[in-house]
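Reading through the structure tokens given below for one structure.
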Amino acid sequence: MPRRRRYDQYCAAARALDAVGDRWTLLIVRELLAGPRRYTDLHADLPGVSTDMLASRLKDMERDDLVTRRRLPPPASAYVYELTGHGRDLLPVLRALAAWGAGALDEPRPTDAVRAHWFAIPLLDALERVAVRPGVVEVRLDEGTFHVRVGSADGEAAYADGPADEGPDARLRMDAATCVAVARGDMSVGEGVKSGRIEVEGEGDLAIALRGNTRSV
């Protein structure tokens, strides 16, 4: 493989960009923050990336100790990629980028692909601002379902595609435009509930807090 281009600058930002500044790298991290993924699943959720480019980026990320590749036990016997601890440390970087870029999420362009779990990172901050304790929130959009773990433990995936494996502490139902408004801070979940744009299911403390209320003692 040809040698990767480096910035050759003694600067922390330049060193970081040496590892994650190539196109697609941070979006691969976004996918793997949801948990281990097979190559075919990664390719399906990264529309626009060629198979050669994806394979090359994954090899670079293995070399830079961002991802590892392991074989699942039988009967699956498939290989999956997953983030190392070094790779999972990029979650705050993705959260900051999502917060910075949320203002550009107006109407989707005709060429835009959409996956429900792509809304998870920008939504995390809004949910954690009102979460009274750690828990799992399942979010249902017209585009699909994902779930997030507010106050997730170190090393635990902060979000994942699809419904929660076990019963979530709260379920939210809304459309993508409302999800973007909450992520940008234009609307709180409680305000969305009052306006009828968000439905909250659940009776625990987390669901009550998301409605904008508190449990009486």
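Chains: A, B, ... in order of the structure tokens. Residues: from 1 per chain. Ligands: from 1, in order shown.
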Members of segment 4-214 of chain A assigned strand (DSSP E) by DSSP, as a count of residues only: 34
Report as a ChimeraX atom specification all protein, DNA and RNA residues lying within 8 Å of Asp45 of chain A, evaluated on only C-alpha atoms, omitting residues in the same chain fewer than 2 positions from it. /A:31,41-43,47,115
Surrounding residues of Ala158 of chain A excluding itself and chain neighbours under 2 positions, 12 Å, only C-alpha atoms, as JSON, numbers by chain: {"A": [30, 31, 32, 33, 34, 35, 88, 89, 90, 91, 92, 94, 95, 117, 120, 121, 122, 123, 124, 125, 127, 128, 134, 135, 136, 137, 146, 147, 148, 149, 150, 151, 152, 153, 154, 155, 156, 160, 161, 164]}
Residues at most 9 Å from Tyr7 of chain A, counting only C-alpha atoms, excluding those fewer than 4 positions away in the same chain, as a PDB file with C-alpha atoms, in the first residue's frame?
ATOM      1  CA  ALA A  14      -2.120  17.832  13.102  1.00  0.00           C
ATOM      2  CA  ARG A  15      -1.266  14.498  14.740  1.00  0.00           C
ATOM      3  CA  LEU A  17      -5.738  14.649  11.667  1.00  0.00           C
ATOM      4  CA  ASP A  18      -2.939  12.335  10.545  1.00  0.00           C
TER       5      ASP A  18
END
Nearest to Ser56 of chain A: which of A:Leu72, A:Met187, A:Ile28, A:Leu83 is it, counting only C-alpha atoms?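 Looking only at the distances to Ser56 of chain A, the closest residue turns out to be A:Ile28.
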Determine which residues of segment 67-105 of chain A DSSP labels as alpha helix (DSSP H) from the backbone of this structure, then write them out as a list in words. Gly85, His86, Gly87, Arg88, Leu91, Pro92, Val93, Leu94, Arg95, Ala96, Leu97, Ala98, Ala99, Trp100 and Gly101 of chain A
Non-local contacts of Arg197 of chain A (9 Å; only C-alpha atoms; under 5 positions in same chain excluded) as a VMD selection string: chain A and resid 173 to 175 178 191 to 192
The selected residues should be written to file as a CSV table (one decimal), in the first residue's frame (atoms: N, CA and C atoms).
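Result file follows (out18.csv):
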chain,number,residue,atom,x,y,z
A,173,ARG,N,-41.3,9.0,20.2
A,173,ARG,CA,-41.7,8.9,18.8
A,173,ARG,C,-41.8,10.4,18.3
A,174,MET,N,-41.2,10.6,17.1
A,174,MET,CA,-41.2,11.9,16.5
A,174,MET,C,-40.8,11.8,15.1
A,175,ASP,N,-40.9,12.9,14.3
A,175,ASP,CA,-40.4,12.9,13.0
A,175,ASP,C,-39.0,13.4,12.9
A,178,THR,N,-38.5,17.2,13.8
A,178,THR,CA,-38.5,17.5,15.2
A,178,THR,C,-37.2,17.0,15.9
A,191,GLU,N,-41.0,20.5,25.5
A,191,GLU,CA,-41.8,21.4,24.6
A,191,GLU,C,-42.4,20.7,23.4
A,192,GLY,N,-41.6,19.7,22.9
A,192,GLY,CA,-42.2,18.9,21.9
A,192,GLY,C,-43.4,18.1,22.3
So how many Å separate atom CA of Val193 of chain A and atom CA of Arg211 of chain A, to one decimal? 6.3 Å
Select, from A:Val130, A:Ala207, A:Leu105, A:Met53, the residue with the minimum atom-to-atom distance to Ala177 of chain A, counting only C-alpha atoms.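 When distances to Ala177 of chain A are compared using only C-alpha atoms, the smallest one comes from A:Leu105.
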In Å, rounded to a single decimal, give me how far atom CA of Asp169 of chain A is from atom CA of Val200 of chain A.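 One can read the atom CA of Val200 of chain A to atom CA of Asp169 of chain A distance as 10.5 Å.
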Got a sec: who's within 9 Å of Leu58 of chain A, counting only C-alpha atoms, leaving out chain neighbours fewer than 6 positions off, as a ChimeraX atom specification? /A:25,28,66-68,81
